[in-house]
file model37.cif (mmCIF, C-alpha atoms)
data_target
loop_
_atom_site.group_PDB
_atom_site.id
_atom_site.type_symbol
_atom_site.label_atom_id
_atom_site.label_comp_id
_atom_site.auth_asym_id
_atom_site.auth_seq_id
_atom_site.Cartn_x
_atom_site.Cartn_y
_atom_site.Cartn_z
ATOM 1 C CA ASP A 1 -52.620 -49.280 80.836
ATOM 2 C CA LYS A 2 -54.171 -52.667 80.030
ATOM 3 C CA PRO A 3 -51.947 -55.702 80.551
ATOM 4 C CA ALA A 4 -51.724 -58.660 78.177
ATOM 5 C CA GLY A 5 -54.142 -61.528 78.730
ATOM 6 C CA MET A 6 -56.983 -59.391 80.096
ATOM 7 C CA ILE A 7 -60.322 -59.310 78.288
ATOM 8 C CA VAL A 8 -61.944 -55.875 78.290
ATOM 9 C CA HIS A 9 -65.536 -57.008 78.933
ATOM 10 C CA PRO A 10 -67.425 -60.309 79.367
ATOM 11 C CA GLY A 11 -68.200 -62.332 76.280
ATOM 12 C CA ARG A 12 -67.946 -65.808 74.736
ATOM 13 C CA GLY A 13 -67.951 -67.597 78.053
ATOM 14 C CA GLN A 14 -65.450 -65.253 79.763
ATOM 15 C CA THR A 15 -67.285 -63.606 82.661
ATOM 16 C CA THR A 16 -64.562 -63.103 85.281
ATOM 17 C CA GLY A 17 -61.136 -61.483 85.310
ATOM 18 C CA THR A 18 -62.201 -58.766 82.877
ATOM 19 C CA LEU A 19 -61.169 -55.125 82.853
ATOM 20 C CA ALA A 20 -64.841 -54.177 83.264
ATOM 21 C CA ALA A 21 -65.053 -56.230 86.481
ATOM 22 C CA ALA A 22 -61.864 -54.630 87.826
ATOM 23 C CA LEU A 23 -63.223 -51.153 87.094
ATOM 24 C CA GLN A 24 -66.469 -51.931 88.911
ATOM 25 C CA TYR A 25 -64.492 -53.069 91.931
ATOM 26 C CA HIS A 26 -62.405 -49.885 92.069
ATOM 27 C CA PHE A 27 -64.930 -47.172 91.174
ATOM 28 C CA ASP A 28 -68.261 -46.244 92.729
ATOM 29 C CA GLN A 29 -69.600 -44.770 89.503
ATOM 30 C CA LEU A 30 -69.089 -45.663 85.839
ATOM 31 C CA SER A 31 -71.113 -44.963 82.709
ATOM 32 C CA ASP A 32 -73.714 -47.557 81.750
ATOM 33 C CA VAL A 33 -74.094 -46.513 78.107
ATOM 34 C CA GLY A 34 -72.609 -49.818 76.953
ATOM 35 C CA GLY A 35 -74.887 -51.873 79.186
ATOM 36 C CA ALA A 36 -74.442 -53.657 82.506
ATOM 37 C CA LEU A 37 -71.614 -55.864 81.216
ATOM 38 C CA ARG A 38 -69.535 -52.963 79.877
ATOM 39 C CA PRO A 39 -69.437 -50.303 82.616
ATOM 40 C CA GLY A 40 -67.307 -47.345 81.561
ATOM 41 C CA ILE A 41 -65.992 -49.064 78.427
ATOM 42 C CA VAL A 42 -65.760 -46.561 75.557
ATOM 43 C CA HIS A 43 -63.500 -48.654 73.275
ATOM 44 C CA ARG A 44 -61.677 -51.953 73.550
ATOM 45 C CA LEU A 45 -58.356 -53.667 72.951
ATOM 46 C CA ASP A 46 -57.901 -57.333 72.078
ATOM 47 C CA ARG A 47 -57.118 -59.703 74.958
ATOM 48 C CA ASP A 48 -53.381 -59.845 74.220
ATOM 49 C CA THR A 49 -52.924 -56.237 73.092
ATOM 50 C CA THR A 50 -51.453 -54.027 75.809
ATOM 51 C CA GLY A 51 -51.609 -50.307 76.357
ATOM 52 C CA VAL A 52 -53.639 -47.180 76.931
ATOM 53 C CA MET A 53 -57.440 -47.089 77.117
ATOM 54 C CA VAL A 54 -59.878 -44.393 78.190
ATOM 55 C CA VAL A 55 -62.805 -45.136 80.536
ATOM 56 C CA ALA A 56 -65.885 -42.971 81.177
ATOM 57 C CA LYS A 57 -67.178 -42.447 84.721
ATOM 58 C CA ASN A 58 -70.542 -41.013 83.657
ATOM 59 C CA ASN A 59 -72.874 -41.149 80.673
ATOM 60 C CA GLN A 60 -72.383 -37.561 79.529
ATOM 61 C CA VAL A 61 -68.625 -38.037 79.292
ATOM 62 C CA HIS A 62 -69.101 -41.422 77.619
ATOM 63 C CA HIS A 63 -71.272 -39.938 74.855
ATOM 64 C CA ARG A 64 -68.865 -37.064 74.224
ATOM 65 C CA ILE A 65 -65.779 -39.264 74.013
ATOM 66 C CA SER A 66 -67.604 -41.878 71.907
ATOM 67 C CA ARG A 67 -68.489 -39.135 69.455
ATOM 68 C CA GLN A 68 -64.795 -38.316 69.087
ATOM 69 C CA PHE A 69 -64.072 -41.937 68.156
ATOM 70 C CA GLU A 70 -67.022 -41.984 65.726
ATOM 71 C CA HIS A 71 -65.940 -38.733 64.069
ATOM 72 C CA ARG A 72 -62.307 -39.911 63.973
ATOM 73 C CA THR A 73 -60.965 -36.881 65.816
ATOM 74 C CA THR A 74 -59.008 -39.035 68.261
ATOM 75 C CA ARG A 75 -55.398 -39.903 67.461
ATOM 76 C CA LYS A 76 -54.322 -43.423 68.325
ATOM 77 C CA GLU A 77 -50.754 -44.635 67.967
ATOM 78 C CA TYR A 78 -49.733 -48.265 68.251
ATOM 79 C CA ARG A 79 -46.340 -49.953 68.134
ATOM 80 C CA ALA A 80 -45.719 -53.476 66.866
ATOM 81 C CA LEU A 81 -43.025 -55.953 66.004
ATOM 82 C CA CYS A 82 -43.826 -57.577 62.686
ATOM 83 C CA TRP A 83 -42.189 -60.312 60.663
ATOM 84 C CA GLY A 84 -39.935 -59.320 57.796
ATOM 85 C CA ARG A 85 -38.910 -55.943 56.438
ATOM 86 C CA PRO A 86 -41.609 -53.867 54.693
ATOM 87 C CA GLU A 87 -40.496 -52.616 51.293
ATOM 88 C CA LEU A 88 -41.506 -49.014 52.014
ATOM 89 C CA ASP A 89 -40.421 -46.944 55.004
ATOM 90 C CA SER A 90 -43.994 -45.656 55.366
ATOM 91 C CA ASP A 91 -47.298 -45.940 53.549
ATOM 92 C CA PHE A 92 -51.084 -46.135 53.871
ATOM 93 C CA ILE A 93 -52.874 -49.483 53.902
ATOM 94 C CA GLU A 94 -56.413 -48.978 52.589
ATOM 95 C CA THR A 95 -58.742 -51.993 52.346
ATOM 96 C CA HIS A 96 -62.217 -53.214 53.219
ATOM 97 C CA LEU A 97 -62.696 -55.733 56.025
ATOM 98 C CA ALA A 98 -65.392 -58.268 56.907
ATOM 99 C CA ALA A 99 -65.685 -61.285 59.176
ATOM 100 C CA SER A 100 -64.380 -64.570 57.787
ATOM 101 C CA ARG A 101 -67.069 -67.071 56.798
ATOM 102 C CA ARG A 102 -64.964 -70.007 58.020
ATOM 103 C CA ASN A 103 -63.868 -68.551 61.360
ATOM 104 C CA ARG A 104 -66.027 -65.821 62.882
ATOM 105 C CA GLU A 105 -63.181 -64.762 65.177
ATOM 106 C CA ARG A 106 -61.095 -63.735 62.164
ATOM 107 C CA MET A 107 -61.454 -60.706 59.951
ATOM 108 C CA ARG A 108 -60.365 -60.681 56.309
ATOM 109 C CA VAL A 109 -59.670 -58.249 53.487
ATOM 110 C CA VAL A 110 -62.563 -58.255 51.003
ATOM 111 C CA PRO A 111 -63.795 -56.228 48.018
ATOM 112 C CA PRO A 112 -66.062 -53.254 48.822
ATOM 113 C CA GLY A 113 -69.789 -53.857 49.141
ATOM 114 C CA GLY A 114 -72.146 -55.856 51.316
ATOM 115 C CA SER A 115 -71.052 -55.999 54.954
ATOM 116 C CA ALA A 116 -67.494 -54.857 54.146
ATOM 117 C CA ARG A 117 -66.267 -51.764 55.970
ATOM 118 C CA ASP A 118 -63.460 -49.466 54.904
ATOM 119 C CA ALA A 119 -60.253 -49.631 56.937
ATOM 120 C CA VAL A 120 -57.269 -47.279 56.726
ATOM 121 C CA THR A 121 -53.939 -47.527 58.558
ATOM 122 C CA PHE A 122 -50.798 -45.429 58.195
ATOM 123 C CA TYR A 123 -47.599 -47.269 59.083
ATOM 124 C CA GLU A 124 -43.999 -46.197 59.491
ATOM 125 C CA VAL A 125 -40.959 -48.392 60.029
ATOM 126 C CA ILE A 126 -39.043 -47.261 63.115
ATOM 127 C CA GLU A 127 -36.275 -49.868 63.008
ATOM 128 C CA ARG A 128 -35.392 -52.854 60.840
ATOM 129 C CA PHE A 129 -33.867 -56.074 62.136
ATOM 130 C CA PRO A 130 -32.580 -59.071 60.139
ATOM 131 C CA ARG A 131 -35.962 -60.860 60.129
ATOM 132 C CA ALA A 132 -38.367 -58.437 61.799
ATOM 133 C CA SER A 133 -39.270 -54.750 61.963
ATOM 134 C CA TYR A 134 -40.434 -52.344 64.652
ATOM 135 C CA VAL A 135 -43.289 -50.233 63.286
ATOM 136 C CA ARG A 136 -45.513 -47.296 64.260
ATOM 137 C CA LEU A 137 -49.179 -47.693 63.362
ATOM 138 C CA LEU A 138 -51.716 -44.870 63.125
ATOM 139 C CA PRO A 139 -55.206 -46.236 62.411
ATOM 140 C CA ARG A 140 -57.568 -43.797 60.716
ATOM 141 C CA THR A 141 -60.504 -46.158 61.301
ATOM 142 C CA GLY A 142 -61.220 -48.501 64.209
ATOM 143 C CA ARG A 143 -62.248 -51.861 62.753
ATOM 144 C CA THR A 144 -61.986 -55.127 64.667
ATOM 145 C CA HIS A 145 -58.433 -56.551 64.398
ATOM 146 C CA GLN A 146 -57.639 -53.850 61.826
ATOM 147 C CA LEU A 147 -53.927 -53.460 62.549
ATOM 148 C CA ARG A 148 -53.313 -57.199 62.800
ATOM 149 C CA VAL A 149 -55.164 -57.885 59.525
ATOM 150 C CA HIS A 150 -53.472 -55.005 57.713
ATOM 151 C CA LEU A 151 -49.948 -56.093 58.633
ATOM 152 C CA ALA A 152 -50.776 -59.682 57.659
ATOM 153 C CA HIS A 153 -52.231 -58.391 54.369
ATOM 154 C CA LEU A 154 -48.953 -56.548 53.782
ATOM 155 C CA GLY A 155 -47.139 -59.877 54.244
ATOM 156 C CA HIS A 156 -45.665 -58.859 57.603
ATOM 157 C CA PRO A 157 -47.917 -60.250 60.369
ATOM 158 C CA VAL A 158 -47.513 -59.144 63.970
ATOM 159 C CA LEU A 159 -44.966 -61.304 65.767
ATOM 160 C CA ALA A 160 -46.606 -64.210 67.659
ATOM 161 C CA ASP A 161 -50.105 -63.390 66.352
ATOM 162 C CA ARG A 162 -51.711 -66.835 66.372
ATOM 163 C CA LEU A 163 -54.782 -65.744 64.430
ATOM 164 C CA TYR A 164 -53.109 -63.994 61.506
ATOM 165 C CA GLY A 165 -49.967 -65.956 60.693
ATOM 166 C CA GLY A 166 -47.534 -64.466 63.184
ATOM 167 C CA LEU A 167 -46.369 -67.872 64.449
ATOM 168 C CA ARG A 168 -43.400 -69.004 62.389
ATOM 169 C CA SER A 169 -40.724 -71.603 62.958
ATOM 170 C CA GLU A 170 -38.147 -68.965 63.806
ATOM 171 C CA GLY A 171 -40.536 -67.615 66.444
ATOM 172 C CA SER A 172 -38.900 -69.886 69.000
ATOM 173 C CA GLU A 173 -36.021 -67.401 69.078
ATOM 174 C CA PHE A 174 -38.311 -64.727 70.566
ATOM 175 C CA PRO A 175 -39.488 -64.985 74.199
ATOM 176 C CA ILE A 176 -42.973 -63.718 73.264
ATOM 177 C CA ARG A 177 -46.146 -65.565 74.193
ATOM 178 C CA ARG A 178 -48.652 -63.115 72.724
ATOM 179 C CA GLN A 179 -48.967 -60.815 69.722
ATOM 180 C CA ALA A 180 -46.414 -58.015 69.867
ATOM 181 C CA LEU A 181 -48.917 -55.148 69.574
ATOM 182 C CA HIS A 182 -49.106 -52.221 71.996
ATOM 183 C CA ALA A 183 -51.466 -49.224 72.210
ATOM 184 C CA TRP A 184 -48.721 -46.624 72.656
ATOM 185 C CA SER A 185 -50.715 -43.392 73.005
ATOM 186 C CA LEU A 186 -54.159 -41.858 72.722
ATOM 187 C CA GLU A 187 -55.059 -38.204 72.118
ATOM 188 C CA ILE A 188 -58.583 -36.915 72.799
ATOM 189 C CA GLU A 189 -60.270 -33.625 73.672
ATOM 190 C CA HIS A 190 -61.342 -33.177 77.274
ATOM 191 C CA PRO A 191 -65.104 -33.918 77.202
ATOM 192 C CA VAL A 192 -65.948 -30.730 79.148
ATOM 193 C CA SER A 193 -63.248 -28.126 78.496
ATOM 194 C CA GLY A 194 -62.282 -29.276 74.995
ATOM 195 C CA LYS A 195 -58.621 -29.089 75.973
ATOM 196 C CA PRO A 196 -56.398 -31.544 74.064
ATOM 197 C CA LEU A 197 -55.225 -34.429 76.226
ATOM 198 C CA GLN A 198 -52.594 -37.061 75.508
ATOM 199 C CA PHE A 199 -52.164 -40.294 77.401
ATOM 200 C CA ALA A 200 -49.249 -42.657 76.857
ATOM 201 C CA ALA A 201 -48.442 -46.182 77.945
ATOM 202 C CA ALA A 202 -44.904 -46.193 76.601
#

call {"tool": "encode", "arguments": {"input": "model37.cif", "output": "C-alpha cells"}}
result
Amino acid sequence: DKPAGMIVHPGRGQTTGTLAAALQYHFDQLSDVGGALRPGIVHRLDRDTTGVMVVAKNNQVHHRISRQFEHRTTRKEYRALCWGRPELDSDFIETHLAASRRNRERMRVVPPGGSARDAVTFYEVIERFPRASYVRLLPRTGRTHQLRVHLAHLGHPVLADRLYGGLRSEGSEFPIRRQALHAWSLEIEHPVSGKPLQFAAA
C-alpha cells in the first residue's frame, strides 16, 4: 500500500527514500529481473499516487506476474477525484499517447503512428459534487501517466495534478497537496497455483 510522496525506484537524481530501498531493507530475497536498482519491482505507481502494488520475491514469480501485465489479464481499479462533472456516467477513453517534445516528463494525446502507443481507459462516475466528481477508473492498458492524461483529455483533470492542469484557483478549498489518484485494487492469478487473487488498498 504505497504512500504518497514515495518514488518506486531510483531515477532522475532520486536515490534514497524509494520503495525499492525499503523493500531491500525488509526482505532477504527479491527478484533482480528489473536490475539492481529495481529489486522486486514488477510495476510502478507515480510518486504521488497511492495504493496497492505487487512485488516479486524471486525471478520465476516476477516473470509470471509480468506476463500477466503484458497480456492484460490483470484487473486494476483506480479511484480519483477530478475537476468538473463528466457528461456521461461511464464511457471508454481510447487514444494514443507519446512523450511531449517540450517537457519529457509529460505525456500527450497524439495521432496514431510513430512512437505513439494505444491507451484505453474505462471510467465510471461514482458521485458528482458541485465542481468535482469521484470516479472509478479501469485501465485496459498501462501507459505512463495514462489515467492522468486521459482525464485531462476529457476536460476533467485529476484534482491537484500539477502536471496535467489539476491546479485551479478554486483548489485552495481542498486540503490536497498531491494528485487525488489512488490504486484501489489489483487482481492477478497466483503465479504458481493460478488461483485468482485480489488485493485492495481501500

call {"tool": "atom_distance", "arguments": {"input": "model37.cif", "atom1": "CA of Val149 in chain A", "atom2": "CA of Gly40 in chain A"}}
result
27.3 Å

call {"tool": "atom_distance", "arguments": {"input": "model37.cif", "atom1": "CA of Ile41 in chain A", "atom2": "CA of Ala56 in chain A"}}
result
6.7 Å

call {"tool": "closest_residue", "arguments": {"input": "model37.cif", "among": "A:Leu186, A:Ala116, A:Val55, A:Met107", "to": "Phe27 in chain A", "atoms": "all atoms listed in the file"}}
result
A:Val55

call {"tool": "resolve_selection", "arguments": {"input": "model37.cif", "expression": "the PyMOL selection byres ((chain A and resi 63) around 12)", "output": "number ranges by chain"}}
result
A: 31-34, 40-43, 55-62, 64-70, 191-192

call {"tool": "write_last_selection", "arguments": {"input": "model37.cif", "atoms": "C-alpha atoms", "output": "mmCIF file, in the frame of the given file"}}
result
data_model
loop_
_atom_site.group_PDB
_atom_site.id
_atom_site.type_symbol
_atom_site.label_atom_id
_atom_site.label_comp_id
_atom_site.auth_asym_id
_atom_site.auth_seq_id
_atom_site.Cartn_x
_atom_site.Cartn_y
_atom_site.Cartn_z
ATOM 1 C CA SER A 31 -71.113 -44.963 82.709
ATOM 2 C CA ASP A 32 -73.714 -47.557 81.750
ATOM 3 C CA VAL A 33 -74.094 -46.513 78.107
ATOM 4 C CA GLY A 34 -72.609 -49.818 76.953
ATOM 5 C CA GLY A 40 -67.307 -47.345 81.561
ATOM 6 C CA ILE A 41 -65.992 -49.064 78.427
ATOM 7 C CA VAL A 42 -65.760 -46.561 75.557
ATOM 8 C CA HIS A 43 -63.500 -48.654 73.275
ATOM 9 C CA VAL A 55 -62.805 -45.136 80.536
ATOM 10 C CA ALA A 56 -65.885 -42.971 81.177
ATOM 11 C CA LYS A 57 -67.178 -42.447 84.721
ATOM 12 C CA ASN A 58 -70.542 -41.013 83.657
ATOM 13 C CA ASN A 59 -72.874 -41.149 80.673
ATOM 14 C CA GLN A 60 -72.383 -37.561 79.529
ATOM 15 C CA VAL A 61 -68.625 -38.037 79.292
ATOM 16 C CA HIS A 62 -69.101 -41.422 77.619
ATOM 17 C CA ARG A 64 -68.865 -37.064 74.224
ATOM 18 C CA ILE A 65 -65.779 -39.264 74.013
ATOM 19 C CA SER A 66 -67.604 -41.878 71.907
ATOM 20 C CA ARG A 67 -68.489 -39.135 69.455
ATOM 21 C CA GLN A 68 -64.795 -38.316 69.087
ATOM 22 C CA PHE A 69 -64.072 -41.937 68.156
ATOM 23 C CA GLU A 70 -67.022 -41.984 65.726
ATOM 24 C CA PRO A 191 -65.104 -33.918 77.202
ATOM 25 C CA VAL A 192 -65.948 -30.730 79.148
#

call {"tool": "closest_atom_pairs", "arguments": {"input": "model37.cif", "of": "range 115-184 of chain A", "to": "range 5-8 of chain A", "cutoff": "12 Å", "atoms": "only C-alpha atoms", "output": "JSON lines"}}
result
{"residue": "A:Arg177", "atom": "CA", "partner": "A:Gly5", "partner_atom": "CA", "distance": 10.0}
{"residue": "A:Arg178", "atom": "CA", "partner": "A:Gly5", "partner_atom": "CA", "distance": 8.3}
{"residue": "A:Gln179", "atom": "CA", "partner": "A:Gly5", "partner_atom": "CA", "distance": 10.4}

call {"tool": "write_last_selection", "arguments": {"input": "model37.cif", "atoms": "C-alpha atoms", "output": "CSV table (one decimal), in the coordinates of the input"}}
result
chain,number,residue,atom,x,y,z
A,177,ARG,CA,-46.1,-65.6,74.2
A,178,ARG,CA,-48.7,-63.1,72.7
A,179,GLN,CA,-49.0,-60.8,69.7

call {"tool": "closest_residue", "arguments": {"input": "model37.cif", "among": "A:Gly17, A:Pro111, A:Pro196, A:Pro130", "to": "Cys82 in chain A", "atoms": "only C-alpha atoms"}}
result
A:Pro130

call {"tool": "residues_near_point", "arguments": {"input": "model37.cif", "point": "(-47.5, -60.7, 65.4)", "cutoff": "8 Å", "atoms": "all atoms listed in the file", "output": "PDB file with C-alpha atoms, in the coordinates of the input"}}
result
ATOM      1  CA  ALA A  80     -45.719 -53.476  66.866  1.00  0.00           C
ATOM      2  CA  LEU A  81     -43.025 -55.953  66.004  1.00  0.00           C
ATOM      3  CA  CYS A  82     -43.826 -57.577  62.686  1.00  0.00           C
ATOM      4  CA  TRP A  83     -42.189 -60.312  60.663  1.00  0.00           C
ATOM      5  CA  ARG A 148     -53.313 -57.199  62.800  1.00  0.00           C
ATOM      6  CA  PRO A 157     -47.917 -60.250  60.369  1.00  0.00           C
ATOM      7  CA  VAL A 158     -47.513 -59.144  63.970  1.00  0.00           C
ATOM      8  CA  LEU A 159     -44.966 -61.304  65.767  1.00  0.00           C
ATOM      9  CA  ALA A 160     -46.606 -64.210  67.659  1.00  0.00           C
ATOM     10  CA  ASP A 161     -50.105 -63.390  66.352  1.00  0.00           C
ATOM     11  CA  ARG A 162     -51.711 -66.835  66.372  1.00  0.00           C
ATOM     12  CA  TYR A 164     -53.109 -63.994  61.506  1.00  0.00           C
ATOM     13  CA  GLY A 165     -49.967 -65.956  60.693  1.00  0.00           C
ATOM     14  CA  GLY A 166     -47.534 -64.466  63.184  1.00  0.00           C
ATOM     15  CA  LEU A 167     -46.369 -67.872  64.449  1.00  0.00           C
ATOM     16  CA  ARG A 178     -48.652 -63.115  72.724  1.00  0.00           C
ATOM     17  CA  GLN A 179     -48.967 -60.815  69.722  1.00  0.00           C
ATOM     18  CA  ALA A 180     -46.414 -58.015  69.867  1.00  0.00           C
ATOM     19  CA  LEU A 181     -48.917 -55.148  69.574  1.00  0.00           C
TER      20      LEU A 181
END

call {"tool": "atom_distance", "arguments": {"input": "model37.cif", "atom1": "CA of Thr121 in chain A", "atom2": "CA of Ile93 in chain A"}}
result
5.2 Å

call {"tool": "residues_around", "arguments": {"input": "model37.cif", "residues": "Glu187 in chain A", "least_positions_apart": "6", "cutoff": "12 Å", "atoms": "all atoms listed in the file", "output": "VMD selection string"}}
result
chain A and resid 52 to 54 65 68 to 69 72 to 77 138 194 to 201

call {"tool": "closest_residue", "arguments": {"input": "model37.cif", "among": "A:Pro86, A:Thr49, A:Arg108, A:Ala119", "to": "Ala132 in chain A", "atoms": "all atoms listed in the file"}}
result
A:Pro86

call {"tool": "residues_around", "arguments": {"input": "model37.cif", "residues": "Ser115 in chain A", "least_positions_apart": "6", "cutoff": "9 Å", "atoms": "only C-alpha atoms", "output": "number ranges by chain"}}
result
A: 97-99

call {"tool": "resolve_selection", "arguments": {"input": "model37.cif", "expression": "the PyMOL selection byres ((chain A and resi 87) around 12)", "output": "list in words"}}
result
Gly84, Arg85, Pro86, Leu88, Asp89, Ser90, Asp91, Tyr123, Glu124, Val125, Arg128, Ser133, Leu154, Gly155 and His156 of chain A

call {"tool": "resolve_selection", "arguments": {"input": "model37.cif", "expression": "the PyMOL selection byres ((chain A and resi 141) around 7)", "output": "PyMOL selection string"}}
result
chain A and resi 119-120+139-140+142-143

call {"tool": "closest_residue", "arguments": {"input": "model37.cif", "among": "A:Glu189, A:Asp28, A:Asp118, A:Glu127", "to": "Arg79 in chain A", "atoms": "only C-alpha atoms"}}
result
A:Glu127

call {"tool": "closest_residue", "arguments": {"input": "model37.cif", "among": "A:Trp184, A:Phe122, A:Tyr25, A:Tyr78", "to": "His150 in chain A", "atoms": "all atoms listed in the file"}}
result
A:Phe122

call {"tool": "residues_near_point", "arguments": {"input": "model37.cif", "point": "(-59.8, -52.1, 50.2)", "cutoff": "7 Å", "atoms": "all atoms listed in the file", "output": "ChimeraX atom specification"}}
result
/A:94-96,109-112,118

call {"tool": "closest_residue", "arguments": {"input": "model37.cif", "among": "A:His26, A:Arg136, A:Arg131, A:Arg106", "to": "Ala152 in chain A", "atoms": "all atoms listed in the file"}}
result
A:Arg106

call {"tool": "residues_around", "arguments": {"input": "model37.cif", "residues": "Ala4 in chain A", "least_positions_apart": "4", "cutoff": "7 Å", "atoms": "all atoms listed in the file", "output": "PDB file with C-alpha atoms, in the frame of the given file"}}
result
ATOM      1  CA  ARG A  47     -57.118 -59.703  74.958  1.00  0.00           C
ATOM      2  CA  ASP A  48     -53.381 -59.845  74.220  1.00  0.00           C
ATOM      3  CA  THR A  49     -52.924 -56.237  73.092  1.00  0.00           C
ATOM      4  CA  THR A  50     -51.453 -54.027  75.809  1.00  0.00           C
TER       5      THR A  50
END

call {"tool": "residues_around", "arguments": {"input": "model37.cif", "residues": "Pro10 in chain A", "least_positions_apart": "4", "cutoff": "12 Å", "atoms": "all atoms listed in the file", "output": "MDAnalysis selection string"}}
result
chainID A and resid 6 14:22 34:39 41 44 47

call {"tool": "decode", "arguments": {"input": "model37.cif", "residues": "range 174-193 of chain A", "atoms": "N, CA and C atoms", "output": "tab-separated table (two decimals), in the first residue's frame"}}
result
chain	number	residue	atom	x	y	z
A	174	PHE	N	-9.66	22.83	-1.25
A	174	PHE	CA	-9.44	21.42	-0.97
A	174	PHE	C	-8.09	21.24	-0.27
A	175	PRO	N	-8.07	20.56	0.87
A	175	PRO	CA	-6.81	20.35	1.60
A	175	PRO	C	-5.99	19.22	1.00
A	176	ILE	N	-5.69	19.31	-0.31
A	176	ILE	CA	-4.96	18.25	-1.01
A	176	ILE	C	-3.67	18.82	-1.56
A	177	ARG	N	-2.56	18.15	-1.26
A	177	ARG	CA	-1.26	18.62	-1.69
A	177	ARG	C	-0.69	17.80	-2.85
A	178	ARG	N	-1.40	16.77	-3.24
A	178	ARG	CA	-0.92	15.92	-4.34
A	178	ARG	C	-2.11	15.45	-5.14
A	179	GLN	N	-1.84	14.90	-6.33
A	179	GLN	CA	-2.93	14.47	-7.21
A	179	GLN	C	-3.81	13.44	-6.51
A	180	ALA	N	-5.10	13.61	-6.65
A	180	ALA	CA	-6.07	12.76	-5.95
A	180	ALA	C	-6.34	11.49	-6.75
A	181	LEU	N	-5.32	10.63	-6.85
A	181	LEU	CA	-5.40	9.38	-7.60
A	181	LEU	C	-4.92	8.24	-6.72
A	182	HIS	N	-5.70	7.17	-6.66
A	182	HIS	CA	-5.42	6.06	-5.75
A	182	HIS	C	-5.61	4.72	-6.45
A	183	ALA	N	-4.59	3.85	-6.36
A	183	ALA	CA	-4.69	2.49	-6.89
A	183	ALA	C	-5.52	1.66	-5.91
A	184	TRP	N	-6.79	1.51	-6.20
A	184	TRP	CA	-7.78	0.95	-5.27
A	184	TRP	C	-7.62	-0.57	-5.11
A	185	SER	N	-7.49	-1.29	-6.23
A	185	SER	CA	-7.38	-2.75	-6.13
A	185	SER	C	-6.64	-3.31	-7.32
A	186	LEU	N	-6.14	-4.53	-7.12
A	186	LEU	CA	-5.40	-5.24	-8.17
A	186	LEU	C	-5.76	-6.72	-8.10
A	187	GLU	N	-6.15	-7.28	-9.24
A	187	GLU	CA	-6.47	-8.71	-9.33
A	187	GLU	C	-5.46	-9.38	-10.26
A	188	ILE	N	-4.84	-10.46	-9.76
A	188	ILE	CA	-3.90	-11.24	-10.56
A	188	ILE	C	-4.18	-12.72	-10.31
A	189	GLU	N	-3.52	-13.58	-11.09
A	189	GLU	CA	-3.54	-15.02	-10.81
A	189	GLU	C	-2.31	-15.36	-10.00
A	190	HIS	N	-2.47	-16.23	-9.01
A	190	HIS	CA	-1.31	-16.68	-8.25
A	190	HIS	C	-0.29	-17.27	-9.22
A	191	PRO	N	0.98	-16.85	-9.15
A	191	PRO	CA	1.97	-17.27	-10.15
A	191	PRO	C	2.30	-18.76	-10.14
A	192	VAL	N	1.91	-19.48	-9.10
A	192	VAL	CA	2.16	-20.93	-9.05
A	192	VAL	C	0.87	-21.72	-9.22
A	193	SER	N	-0.13	-21.42	-8.38
A	193	SER	CA	-1.37	-22.21	-8.40
A	193	SER	C	-2.35	-21.75	-9.47
